[in-house]
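Asks: Could you have a look at this structure, given as structure tokens, before my questions?
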Amino acid sequence: MKHAPNAGVVSANEGDRPSAKAGRPSLPGRKLGRYGFNAFCVAGFVFLLAPILVIVPLSFNAEPYFTFTEGMLRLDPEAWSLRWYESVAEDDAWRRALVNSLIIGVAATVLATTLGTLAALGLASPSMPGRTLVTAVLISPMITPIIIVAVGVFFFYSSLGLGQTHAGLILAHAALGAPFVVITVTATLAGFDRTVLRAAASLGAGPMRRFFRIQLPLISPGVFSGGLFAFAASFDEVVVVLFLGGLEQRTIPRQMWAGIREQISPAILALAVFLIAFAVVVLLTVEWLRSRSASAQRSVH
Amino acid sequence: MSNGFSGRFRGMAPAMRGFCLFVVCLAPAGVALAEAITVVSWGGSYARACQQAYHESFTAETGIEILLEDYNGGLAQIRAQVDAGAVHWDVVDLEMPDGWLACQEGLIELLEVTELPAGVNGEAPEDDYPGEYVTECGSGVTFYSTVFAYNSNYLTGPPPQTVADFFDLEKFPGRRGMRRSPFVNLEFALLADGVAPDRIYSVLATSEGVDRAFAKLDTIKDQVVWWEAGAQPPQLLADGEVIMSTAYNGRIFNAQVLENQPFVIVWDGQALDSGFLAIVAGTPRYEAARQFVQFANRPESIANISKYISYGPVRRSPRALVDSHLATGVKMQPHMPTSPENLTRAVRLDWRWWSENRDDIYERFSAWLAR
Amino acid sequence: MKRILHLSATAPRLGALALVLPLLAFVTVSFVIPLGTLLGKSAYQPEVARVLPQTIAELREWTGDGLPSEDAFAAMARELTALGENRPELARVSGAINRVQSGMRGVLNRTARRLARTGQAGSWRATLTGIDSSWEEPATWLAIREAGARFTLRHYLHALDLEQRSGGGIAPKAADERVYTPLMWRTLLVSLGVTLLCLAIGYPIAYMIAASPPARGRILLLLVLVPFWTSLLVRTTAWIVLLQRQGVINGFLVSLGLVPDDGRLQMIYNMTGTFVAMTHVLLPFMVLPLYSVMRSIPKSHMAAAVSLGAAPLQAFRRVYLPQTLPGIGAGSLLVFILAIGYYITPALVGGRTGELISSQIAYHVQTSLNWGLAAALSSILLVAVTVLYLVYSRAIGIERMRLG
């Protein structure tokens with residue numbers, strides 16, 4: 001995952017020695033500057049995290065409002081409740097949406113991960129012809145504005161009878177997820193020492209054996225985190241579903257979209273908290289895999 | 001090195017096989033629901049009212065399940081599905097002008113009024129439905145209207161009483177909610193500009209009249225929050241996001257009686273329209289869809305709707321059956337758009353004018369909005 | 001698979017290609033071809049020519065002055081009569097012609113209906129003009145001929161707010177009739193603004209993470225990654241909850257007495273909402289590339305500069321900043337590319353004034369059904385993104401993109 005640090009950029013201004021005359025600010029001034037800088041950074045982190053954190057307590061609001069009631073601030077147990085969680089759990093629409101999200105997400109992930117891993121192996125080979133162009137094509141779904149993907153897929157898939165089907169969404173989501181797999185696996189392979197494979201070959205291991213016994217275990221963290229990326233991309237995707245999906249393909253984000261457009265009840269916040277928890281789990285898994293991949297590669301050397 | 005991972009990935013081939021099985025399983029899952037039709041309606045409290053009023057008894061009687069989808073009006077989806085020859089929507093609850101246009105364009109199936117069920121005392125359907133709400137593709141089912149309403153918690157001064165007040169930014173500063181559509185808004189604009197309700201469409205018949213309506217809309221454009229779904233205006237009013245909003249009268253009524261919201265409806269200039277149940281042309285579930293539309297047109301089905309929301313029958317014989325709101329016991333008659341005191345300055349939406357001019361006006365409206 | 005792996009050992013070129021091919025084929029079918037059809041739709045419209053072949057053929061003979069020949073009237077009448085039987089087809093064709101000239105939908109539908117009932121009365125010309133006086137106007141026929149052309153640049157003209165002058169030649173529309181070019185400018189400016197905001201907020205954050213001791217740095221990095229991984233819709237919802245009139249921020253300000261209860265701030269459903277929410281959503285895409293560049297800059301550089309007598313700010317400007325330029329470039333390009341195509345966030349929090357070009361694309365696909373125009377707008381957006389993408393891959397290298 002970690003790409004090589006940008007070693008090419010060494011200071012371009014080496015000859016540009018700073019003038020010694022430049023006045024140094026007094027110590028308290030520098031301290032003030034440092035405090036200012038830290039305060040700015042803290043504000044930045046608050047901006048990043050506060051929106052997500054604020055909705056967690058609000059999802060336990062006993063009232064159907066989006067402000068902290070006095071009772072909540074007094075930590076009055078009466079003002080806190082699980083009613084929105086219950087209403088989500090009891091609502092058939094959300095349950096169906098979860099099932100749809102899982103079906104589409106898992107299928108798209110399997111497809112994207114399988115094809116993406118193979119492609120990354122091919123791209124990593126030094127003798128791959130036209131690598132830049134091929135990479136560009138494979139990565140393009142990730143860069144193309146999603147609205148264009150959705151519109152194009154809507155026109156084309158509908159004409160093939162794939163409109164409002166699970167299969168259509170699975171294909172589209174797999175195409176959107178594959179670049180993530182290609183990128184993560186490629187990154188893992190970049191740290192992969194091919195001499196190990198040659199060594200294994202010289203010891204008489206066949207290609208299948210070399211792949212499954214040596215290469216795959218080493219790149220598996222990359223494969224797995226690529227798969228997670230692909231799954232998360234599908235699990236969070238709403239625009240393609242909006243255009244291509246119908247009533248029977250409603251996914252969680254699609255259901256949320258409807259809820260946000262019409263009325264945001266705190267029930268949506270309860271669901272949001274569930275999705276935040278999901279995000280944190282995925283994140284920690286990916287980080288764990290990354291450290292694992294790094295240590296695995298170190299242990300080979 | 002991890003054996004766990006290599007172990008898991010050695011199963012790659014079985015995983016592929018599993019995937020194929022999975023896909024194969026998915027395909028029949030879609031087909032399994034043989035007797036189910038997709039009915040597309042307006043969501044929120046209106047869709048719930050229809051569900052309770054007659055969807056459930058329809059399923060009980062026929063065994064046909066109903067999948068209820070929401071939309072916000074318009075013919076786009078229907079055109080797209082009919083064009084592509086892949087019809088997923090079976091029955092759509094259309095606004096009258098859209099219903100008429102869709103019928104003209106062949107987007108919905110023909111359904112003569114004589115094929116609809118008889119009235120309460122056996123009246124022939126063609127005598128029971130008012131002629132102006134009958135088309136070749138079916139007939140108007142329930143009356144509803146677009147009104148404007150405000151939240152008396154936030155609007156505490158002298159209350160607005162006319163459509164002109166809705167456009168009066170000096171007397172009533174603040175943001176207003178309006179539907180993101182030219183429909184009804186052009187009528188409101190002309191009313192506010194002093195045109196009498198019965199003269200609206202003769203003014204709109206000229207391009208100067210349309211210009212005049214847009215010019216009036218221009219005066220409040222910057223203060224408008226545009227809503228799309230019928231469920232939004234009550235929410236906007238409850239949140240104080242707007243000081244007043246156009247809305248469907250039934251949604252406001254439900255918020256008043258079920259959620260005790262201090263909303264007030266201004267009936268001046270209400271735009272009366274009728275909902276219209278249409279069968280999408282070329283649906284593979286035509287028979288079931290037809291049964292559903294016929295069931296929905298039964299006098300008791302239509303009258304039942306008024307037990308849940310303040311929308312009333314278009315056909316004459318069930319009108320006497322309208323009584324009180326089931327959950328709260330509120331007498332419904334004064335809340336109906338068709339009750340005489342609410343009708344004094346009503347505009348009856350002219351669906352002929354709208355279906356002739358719909359596309360041009362919509363295009364102009366979206367360009368106006370984008371500027 | 002075994003064979004491919006074997007191949008990759010023996011004939012590396014073929015082996016590598018064989019590994020890449022499945023995904024390449026898959027992406028081509030499920031993604032590249034759909035985009036191709038989209039581009040096609042922006043300039044290719046075979047519908048009318050297919051359904052009204054004789055009429056279009058007759059109209060090609062016509063000079064465009066006065067009215068076309070009786071043959072053209074006859075062909076039109078014949079084909080419309082036949083269409084009366086096929087209502088979906090009639091709807092499609094009248095819709096397509098209506099887009100060239102408004103009002104034509106009604107004319108065609110009316111004529112087809114009447115023809116089916118009454119048939120010919122006198123010459124075809126008399127019959128048609130008897131049904132609707134529009135048939136006496138050359139503009140009607142010009143519109144049909146125009147709609148009957150298989151290839152057209154009409155949608156591109158429309159998308160760029162240009163119009164064909166009656167005397168020939170192309171000119172921009174009057175300023176108050178332009179719709180899409182102002183929206184494109186707005187999209188560009190908003191994207192640029194969001195990029196700058198992300199840079200302004202993201203740069204110090206990335207620096208702080210890079211400068212922290214490893215343990216703390218890892219935790220701070222996780223704090224950036226949590227929003228990165230959190231569902232886009234959740235984040236947008238969060239901003240609605242925070243910014244709306246009865247939301248958390250307004251509630252807080254009112255309870256502090258900073259803002260009167262009836263003067264709550266309008267921070268959402270306008271440009272402010274778009275800016276705030278989009279900056280939040282895209283900020284991690286700025287921080288991550290910046291961080292990965294900064295991490296590789298030895299701390300000793302700054303220390304050396306300072307010890308040589310440079311003021312910290314000067315040291316930063318002369319020594320540190322230039323080394324982070326690649327990160328600034330990568331992050332900014334990425335954020336900009338993502339921003340100009342954004343749909344969900346502006347659609348949910350932008351209201352009318354905070355909308356971007358993507359909303360118009362969605363509108364023309366889903367509501368107005370002017371698919372040709374939607375396709376033309378998409379193509380223009382796609383070209384813009386492709387250019388930026390090429391710049392990105394030239395300057396930064398696409399394989400270097402860091403995910404999380």
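Each chain in the structure tokens gets a letter, A, B and so on, in the order shown; residues start at 1 in every chain, and ligands are counted from 1 in the order they appear.
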List the spatial neighbours of region 115-119 of chain A as a PyMOL selection string - criterion: any atom at most 10 Å away, only C-alpha atoms, same-chain residues fewer than 4 positions off excluded.
Replies: (chain A and resi 109-111+123-124+134-135+138+174-175+177-186+216+219-220+222-224+226-227) or (chain C and resi 1+16-27)
Asks: Restricting it to C-alpha atoms, dump the selection as an mmCIF file, in the first residue's frame.
Replies:
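Below is the file result.cif, written as the result:
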```cif
data_model
loop_
_atom_site.group_PDB
_atom_site.id
_atom_site.type_symbol
_atom_site.label_atom_id
_atom_site.label_comp_id
_atom_site.auth_asym_id
_atom_site.auth_seq_id
_atom_site.Cartn_x
_atom_site.Cartn_y
_atom_site.Cartn_z
ATOM 1 C CA THR A 109 -16.666 -7.519 -4.458
ATOM 2 C CA VAL A 110 -16.027 -11.126 -5.409
ATOM 3 C CA LEU A 111 -16.061 -10.193 -9.079
ATOM 4 C CA LEU A 123 0.461 -5.362 -14.589
ATOM 5 C CA ALA A 124 3.260 -6.065 -12.148
ATOM 6 C CA VAL A 134 -4.043 -0.462 -19.803
ATOM 7 C CA THR A 135 -3.720 0.915 -16.279
ATOM 8 C CA LEU A 138 -8.658 -0.119 -15.690
ATOM 9 C CA ALA A 174 -17.842 -4.467 -9.825
ATOM 10 C CA ALA A 175 -16.485 -2.117 -12.488
ATOM 11 C CA GLY A 177 -14.693 -1.485 -7.328
ATOM 12 C CA ALA A 178 -12.053 -3.141 -9.499
ATOM 13 C CA PRO A 179 -9.707 -0.108 -9.630
ATOM 14 C CA PHE A 180 -9.386 -0.189 -5.848
ATOM 15 C CA VAL A 181 -8.265 -3.799 -5.984
ATOM 16 C CA VAL A 182 -5.856 -3.126 -8.820
ATOM 17 C CA ILE A 183 -4.309 -0.227 -6.931
ATOM 18 C CA THR A 184 -3.948 -1.944 -3.566
ATOM 19 C CA VAL A 185 -2.628 -5.191 -4.986
ATOM 20 C CA THR A 186 -0.227 -3.343 -7.288
ATOM 21 C CA LEU A 216 -0.702 -15.092 -2.755
ATOM 22 C CA ILE A 219 -0.066 -10.181 -1.347
ATOM 23 C CA SER A 220 -3.171 -11.392 0.450
ATOM 24 C CA GLY A 222 -3.423 -6.184 -0.357
ATOM 25 C CA VAL A 223 -6.052 -8.412 -1.949
ATOM 26 C CA PHE A 224 -8.116 -8.365 1.182
ATOM 27 C CA GLY A 226 -8.649 -4.055 -1.973
ATOM 28 C CA GLY A 227 -11.716 -6.239 -1.541
ATOM 29 C CA MET C 1 -5.405 -20.476 -14.342
ATOM 30 C CA ALA C 16 0.936 -10.901 -18.271
ATOM 31 C CA LEU C 17 -1.571 -10.027 -20.949
ATOM 32 C CA ALA C 18 -3.643 -13.100 -20.165
ATOM 33 C CA LEU C 19 -3.842 -12.081 -16.529
ATOM 34 C CA VAL C 20 -4.921 -8.555 -17.355
ATOM 35 C CA LEU C 21 -7.304 -9.491 -20.119
ATOM 36 C CA PRO C 22 -10.297 -10.675 -18.039
ATOM 37 C CA LEU C 23 -10.572 -7.386 -16.168
ATOM 38 C CA LEU C 24 -9.833 -5.394 -19.284
ATOM 39 C CA ALA C 25 -12.648 -7.154 -21.101
ATOM 40 C CA PHE C 26 -14.943 -6.778 -18.137
ATOM 41 C CA VAL C 27 -14.281 -3.065 -17.738
#
```
Asks: Where in region 39-186 of chain A does DSSP assign helix (DSSP H, G or I), given as a PyMOL selection string?
Replies: chain A and resi 39-58+70-73+77-79+83-90+92-124+131-143+146-159+166-186
Asks: Please produce a file of the residues just selected, as an mmCIF file, in the first residue's frame, where the atoms kept are C-alpha atoms.
Replies:
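Everything below was put into again-v1.cif:
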```cif
data_model
loop_
_atom_site.group_PDB
_atom_site.id
_atom_site.type_symbol
_atom_site.label_atom_id
_atom_site.label_comp_id
_atom_site.auth_asym_id
_atom_site.auth_seq_id
_atom_site.Cartn_x
_atom_site.Cartn_y
_atom_site.Cartn_z
ATOM 1 C CA ALA A 39 -5.345 25.868 17.326
ATOM 2 C CA PHE A 40 -5.883 25.980 13.561
ATOM 3 C CA CYS A 41 -5.066 22.284 13.260
ATOM 4 C CA VAL A 42 -7.347 21.371 16.122
ATOM 5 C CA ALA A 43 -10.096 23.377 14.433
ATOM 6 C CA GLY A 44 -9.403 21.397 11.251
ATOM 7 C CA PHE A 45 -9.749 18.111 13.084
ATOM 8 C CA VAL A 46 -12.948 19.316 14.743
ATOM 9 C CA PHE A 47 -14.288 20.205 11.299
ATOM 10 C CA LEU A 48 -13.424 16.715 10.086
ATOM 11 C CA LEU A 49 -14.834 14.787 12.990
ATOM 12 C CA ALA A 50 -17.469 16.891 14.713
ATOM 13 C CA PRO A 51 -20.231 16.329 12.168
ATOM 14 C CA ILE A 52 -19.834 12.603 12.537
ATOM 15 C CA LEU A 53 -19.552 12.701 16.299
ATOM 16 C CA VAL A 54 -22.498 15.025 16.799
ATOM 17 C CA ILE A 55 -24.967 12.671 15.217
ATOM 18 C CA VAL A 56 -24.010 9.801 17.497
ATOM 19 C CA PRO A 57 -25.560 11.246 20.668
ATOM 20 C CA LEU A 58 -28.428 12.791 18.722
ATOM 21 C CA GLU A 70 -32.013 20.261 28.005
ATOM 22 C CA GLY A 71 -32.763 16.822 29.346
ATOM 23 C CA MET A 72 -29.989 15.350 27.239
ATOM 24 C CA LEU A 73 -27.508 17.901 28.504
ATOM 25 C CA PRO A 77 -32.125 9.177 31.344
ATOM 26 C CA GLU A 78 -35.657 10.076 30.272
ATOM 27 C CA ALA A 79 -34.302 12.265 27.487
ATOM 28 C CA ARG A 83 -36.576 4.342 20.036
ATOM 29 C CA TRP A 84 -34.940 5.277 16.709
ATOM 30 C CA TYR A 85 -32.821 2.156 16.760
ATOM 31 C CA GLU A 86 -35.943 0.130 17.405
ATOM 32 C CA SER A 87 -37.816 1.833 14.605
ATOM 33 C CA VAL A 88 -35.000 1.036 12.153
ATOM 34 C CA ALA A 89 -34.757 -2.553 13.340
ATOM 35 C CA GLU A 90 -38.502 -3.033 13.015
ATOM 36 C CA ASP A 92 -39.089 -3.925 6.854
ATOM 37 C CA ALA A 93 -37.846 -1.440 4.283
ATOM 38 C CA TRP A 94 -34.494 -1.047 6.043
ATOM 39 C CA ARG A 95 -34.118 -4.770 6.453
ATOM 40 C CA ARG A 96 -34.772 -5.363 2.772
ATOM 41 C CA ALA A 97 -32.341 -2.572 1.949
ATOM 42 C CA LEU A 98 -29.651 -4.234 4.045
ATOM 43 C CA VAL A 99 -30.185 -7.548 2.272
ATOM 44 C CA ASN A 100 -29.956 -5.837 -1.120
ATOM 45 C CA SER A 101 -26.828 -3.959 -0.114
ATOM 46 C CA LEU A 102 -25.201 -7.179 1.023
ATOM 47 C CA ILE A 103 -26.167 -9.181 -2.059
ATOM 48 C CA ILE A 104 -24.955 -6.515 -4.445
ATOM 49 C CA GLY A 105 -21.905 -5.620 -2.372
ATOM 50 C CA VAL A 106 -20.654 -9.171 -1.874
ATOM 51 C CA ALA A 107 -21.208 -10.237 -5.465
ATOM 52 C CA ALA A 108 -19.584 -7.099 -6.854
ATOM 53 C CA THR A 109 -16.666 -7.519 -4.458
ATOM 54 C CA VAL A 110 -16.027 -11.126 -5.409
ATOM 55 C CA LEU A 111 -16.061 -10.193 -9.079
ATOM 56 C CA ALA A 112 -13.902 -7.100 -8.645
ATOM 57 C CA THR A 113 -11.405 -8.799 -6.352
ATOM 58 C CA THR A 114 -10.905 -11.845 -8.536
ATOM 59 C CA LEU A 115 -10.486 -9.935 -11.766
ATOM 60 C CA GLY A 116 -8.616 -7.076 -10.118
ATOM 61 C CA THR A 117 -6.043 -9.312 -8.453
ATOM 62 C CA LEU A 118 -5.300 -11.167 -11.667
ATOM 63 C CA ALA A 119 -4.946 -7.901 -13.518
ATOM 64 C CA ALA A 120 -2.612 -6.472 -10.897
ATOM 65 C CA LEU A 121 -0.423 -9.572 -11.175
ATOM 66 C CA GLY A 122 -0.268 -9.061 -14.906
ATOM 67 C CA LEU A 123 0.461 -5.362 -14.589
ATOM 68 C CA ALA A 124 3.260 -6.065 -12.148
ATOM 69 C CA ARG A 131 1.086 -0.861 -19.212
ATOM 70 C CA THR A 132 0.304 2.856 -18.925
ATOM 71 C CA LEU A 133 -2.619 2.730 -21.293
ATOM 72 C CA VAL A 134 -4.043 -0.462 -19.803
ATOM 73 C CA THR A 135 -3.720 0.915 -16.279
ATOM 74 C CA ALA A 136 -5.468 4.090 -17.336
ATOM 75 C CA VAL A 137 -8.385 2.123 -18.743
ATOM 76 C CA LEU A 138 -8.658 -0.119 -15.690
ATOM 77 C CA ILE A 139 -8.540 2.800 -13.272
ATOM 78 C CA SER A 140 -10.890 5.016 -15.269
ATOM 79 C CA PRO A 141 -14.122 3.973 -13.494
ATOM 80 C CA MET A 142 -12.715 5.465 -10.321
ATOM 81 C CA ILE A 143 -11.972 8.848 -11.836
ATOM 82 C CA ILE A 146 -20.159 9.107 -10.949
ATOM 83 C CA ILE A 147 -23.059 10.948 -12.543
ATOM 84 C CA ILE A 148 -21.643 10.153 -15.980
ATOM 85 C CA VAL A 149 -21.082 6.526 -15.059
ATOM 86 C CA ALA A 150 -24.651 6.323 -13.824
ATOM 87 C CA VAL A 151 -26.135 7.903 -16.930
ATOM 88 C CA GLY A 152 -24.056 5.802 -19.324
ATOM 89 C CA VAL A 153 -24.778 2.596 -17.474
ATOM 90 C CA PHE A 154 -28.467 3.497 -17.292
ATOM 91 C CA PHE A 155 -28.772 3.930 -21.060
ATOM 92 C CA PHE A 156 -26.711 0.908 -21.998
ATOM 93 C CA TYR A 157 -27.884 -1.578 -19.387
ATOM 94 C CA SER A 158 -31.528 -0.631 -19.839
ATOM 95 C CA SER A 159 -31.283 -1.385 -23.533
ATOM 96 C CA HIS A 166 -29.605 -7.002 -9.298
ATOM 97 C CA ALA A 167 -27.307 -8.262 -12.037
ATOM 98 C CA GLY A 168 -27.032 -4.815 -13.622
ATOM 99 C CA LEU A 169 -26.058 -3.210 -10.335
ATOM 100 C CA ILE A 170 -23.572 -5.969 -9.559
ATOM 101 C CA LEU A 171 -21.822 -5.471 -12.899
ATOM 102 C CA ALA A 172 -21.702 -1.701 -12.492
ATOM 103 C CA HIS A 173 -20.461 -1.886 -8.921
ATOM 104 C CA ALA A 174 -17.842 -4.467 -9.825
ATOM 105 C CA ALA A 175 -16.485 -2.117 -12.488
ATOM 106 C CA LEU A 176 -16.400 0.689 -9.938
ATOM 107 C CA GLY A 177 -14.693 -1.485 -7.328
ATOM 108 C CA ALA A 178 -12.053 -3.141 -9.499
ATOM 109 C CA PRO A 179 -9.707 -0.108 -9.630
ATOM 110 C CA PHE A 180 -9.386 -0.189 -5.848
ATOM 111 C CA VAL A 181 -8.265 -3.799 -5.984
ATOM 112 C CA VAL A 182 -5.856 -3.126 -8.820
ATOM 113 C CA ILE A 183 -4.309 -0.227 -6.931
ATOM 114 C CA THR A 184 -3.948 -1.944 -3.566
ATOM 115 C CA VAL A 185 -2.628 -5.191 -4.986
ATOM 116 C CA THR A 186 -0.227 -3.343 -7.288
#
```
Asks: Using only C-alpha atoms, which residues sit within 9 Å of region 343-350 of chain B once same-chain residues fewer than 5 positions away are excluded, as JSON, numbers by chain?
Replies: {"B": [96, 97, 184, 187, 196, 197, 198, 200, 201, 267, 268, 269, 270, 271, 272, 273, 274, 337, 338, 355]}
Asks: Produce a table with one row for each residue of chain C that has an atom at most 10 Å from any atom of chain B, each row naming the nearest atom pair and its distance in Å at one decimal; use only C-alpha atoms; arrange rows by chain and rising residue number; format as a Markdown table.
Replies:
```
| residue | atom | partner | partner_atom | distance |
| --- | --- | --- | --- | --- |
| C:Met1 | CA | B:Ala13 | CA | 9.7 |
| C:Gly84 | CA | B:Gly106 | CA | 9.5 |
| C:Glu85 | CA | B:Gly106 | CA | 9.7 |
| C:Asn86 | CA | B:Gly106 | CA | 8.0 |
| C:Arg87 | CA | B:Gly106 | CA | 4.4 |
| C:Pro88 | CA | B:Gly106 | CA | 5.3 |
| C:Glu89 | CA | B:Asp83 | CA | 8.0 |
| C:Leu90 | CA | B:Glu105 | CA | 6.9 |
| C:Ala91 | CA | B:Glu105 | CA | 4.7 |
| C:Arg92 | CA | B:Asp83 | CA | 7.3 |
| C:Ser94 | CA | B:Glu105 | CA | 8.8 |
| C:Gly95 | CA | B:Asp359 | CA | 9.0 |
| C:Asn98 | CA | B:Asp359 | CA | 8.3 |
| C:Arg99 | CA | B:Asp359 | CA | 8.7 |
| C:Gln101 | CA | B:Asp360 | CA | 9.3 |
| C:Ser102 | CA | B:Asp360 | CA | 6.0 |
| C:Gly103 | CA | B:Asn357 | CA | 7.2 |
| C:Met104 | CA | B:Glu356 | CA | 9.7 |
| C:Arg105 | CA | B:Glu356 | CA | 8.1 |
| C:Gly106 | CA | B:Glu356 | CA | 6.0 |
| C:Val107 | CA | B:Glu356 | CA | 9.4 |
| C:Asn109 | CA | B:Gln104 | CA | 7.1 |
| C:Arg110 | CA | B:Gln104 | CA | 8.8 |
| C:Arg113 | CA | B:Gln104 | CA | 9.0 |
| C:Asp176 | CA | B:Arg371 | CA | 8.0 |
| C:Glu177 | CA | B:Ala367 | CA | 7.9 |
| C:Arg178 | CA | B:Arg371 | CA | 7.7 |
| C:Val179 | CA | B:Ala367 | CA | 5.9 |
| C:Tyr180 | CA | B:Ala370 | CA | 8.1 |
| C:Pro182 | CA | B:Arg371 | CA | 7.8 |
| C:Leu183 | CA | B:Ala370 | CA | 7.6 |
| C:Gln244 | CA | B:Glu241 | CA | 7.4 |
| C:Arg245 | CA | B:Glu241 | CA | 5.8 |
| C:Gln246 | CA | B:Asp239 | CA | 5.8 |
| C:Gly247 | CA | B:Asp239 | CA | 8.7 |
| C:Asp261 | CA | B:Tyr154 | CA | 9.8 |
| C:Asp262 | CA | B:Tyr154 | CA | 7.9 |
| C:Gly263 | CA | B:Gly174 | CA | 9.6 |
| C:Arg264 | CA | B:Glu241 | CA | 9.4 |
| C:Gln266 | CA | B:Glu241 | CA | 8.7 |
| C:Ile268 | CA | B:Glu241 | CA | 9.8 |
| C:Tyr269 | CA | B:Val225 | CA | 7.6 |
| C:Asn270 | CA | B:Val225 | CA | 9.5 |
| C:Gly351 | CA | B:Val225 | CA | 7.2 |
| C:Arg352 | CA | B:Leu369 | CA | 7.2 |
| C:Thr353 | CA | B:Ala370 | CA | 7.9 |
| C:Glu355 | CA | B:Ala370 | CA | 8.3 |
| C:Leu356 | CA | B:Ala370 | CA | 9.5 |
| C:Ile357 | CA | B:Ala370 | CA | 9.7 |
| C:Ser359 | CA | B:Ala370 | CA | 9.9 |
| C:Gln360 | CA | B:Ala370 | CA | 8.5 |
| C:Tyr363 | CA | B:Ser366 | CA | 8.9 |
| C:His364 | CA | B:Ala76 | CA | 9.5 |
| C:Val365 | CA | B:Ala76 | CA | 8.3 |
| C:Gln366 | CA | B:Ala76 | CA | 5.9 |
| C:Thr367 | CA | B:Ala76 | CA | 5.1 |
| C:Ser368 | CA | B:Ala76 | CA | 6.6 |
| C:Leu369 | CA | B:Ala76 | CA | 6.1 |
| C:Asn370 | CA | B:Ala76 | CA | 9.8 |
```
Asks: Could you write those residues out with C-alpha atoms, as a tab-separated table (two decimals), in the first residue's frame?
Replies:
```tsv
chain	number	residue	atom	x	y	z
C	1	MET	CA	-5.41	-20.48	-14.34
C	84	GLY	CA	-51.62	6.12	-34.95
C	85	GLU	CA	-51.67	2.36	-34.43
C	86	ASN	CA	-48.40	2.36	-32.54
C	87	ARG	CA	-48.87	4.78	-29.71
C	88	PRO	CA	-45.52	4.33	-27.92
C	89	GLU	CA	-43.68	4.96	-31.20
C	90	LEU	CA	-45.78	8.05	-31.91
C	91	ALA	CA	-45.02	9.34	-28.43
C	92	ARG	CA	-41.30	8.91	-29.00
C	94	SER	CA	-43.45	13.50	-31.43
C	95	GLY	CA	-41.31	13.99	-28.34
C	98	ASN	CA	-41.02	18.64	-30.04
C	99	ARG	CA	-37.51	19.12	-28.74
C	101	GLN	CA	-39.65	22.98	-32.01
C	102	SER	CA	-41.92	23.25	-29.04
C	103	GLY	CA	-45.58	22.66	-29.65
C	104	MET	CA	-44.92	19.92	-32.21
C	105	ARG	CA	-45.89	17.17	-29.81
C	106	GLY	CA	-49.46	18.41	-29.74
C	107	VAL	CA	-49.57	18.99	-33.51
C	109	ASN	CA	-50.53	13.72	-31.78
C	110	ARG	CA	-53.60	15.66	-32.84
C	113	ARG	CA	-55.56	10.95	-34.08
C	176	ASP	CA	-30.42	36.12	-19.98
C	177	GLU	CA	-31.18	32.95	-21.93
C	178	ARG	CA	-27.96	31.18	-21.08
C	179	VAL	CA	-28.39	28.29	-18.72
C	180	TYR	CA	-25.54	25.84	-19.01
C	182	PRO	CA	-23.06	29.94	-16.33
C	183	LEU	CA	-23.58	26.64	-14.56
C	244	GLN	CA	-30.32	23.62	9.17
C	245	ARG	CA	-32.35	26.36	10.80
C	246	GLN	CA	-33.47	24.22	13.69
C	247	GLY	CA	-30.15	22.39	13.66
C	261	ASP	CA	-34.53	33.03	17.49
C	262	ASP	CA	-36.32	34.50	14.50
C	263	GLY	CA	-33.08	35.41	12.75
C	264	ARG	CA	-31.49	31.99	12.52
C	266	GLN	CA	-29.39	30.28	6.54
C	268	ILE	CA	-27.91	25.22	4.01
C	269	TYR	CA	-29.81	24.80	0.73
C	270	ASN	CA	-27.58	27.47	-0.75
C	351	GLY	CA	-30.68	23.97	-2.93
C	352	ARG	CA	-31.24	25.92	-6.13
C	353	THR	CA	-28.28	28.27	-5.89
C	355	GLU	CA	-26.41	23.28	-7.69
C	356	LEU	CA	-23.71	22.15	-10.09
C	357	ILE	CA	-23.75	20.93	-13.68
C	359	SER	CA	-27.77	18.23	-11.34
C	360	GLN	CA	-28.74	19.38	-14.81
C	363	TYR	CA	-32.55	16.42	-14.52
C	364	HIS	CA	-32.40	15.87	-18.26
C	365	VAL	CA	-32.03	12.12	-17.87
C	366	GLN	CA	-34.70	11.60	-15.27
C	367	THR	CA	-37.21	14.39	-15.66
C	368	SER	CA	-37.10	16.16	-18.99
C	369	LEU	CA	-35.98	13.02	-20.85
C	370	ASN	CA	-33.88	15.17	-23.14
```
Asks: Would you pick out the contacts of region 275-290 of chain A at 8 Å or less, using only C-alpha atoms, so that residues sharing its chain but fewer than 5 positions from it are not included, and give the list as a list in words?
Replies: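 My list of contacting residues is Met1, Ile52, Pro221, Gly222, Phe224, Ser225 and Leu228 of chain A; Leu225, Val226, Trp229, Thr230, Ser231 and Val234 of chain C.
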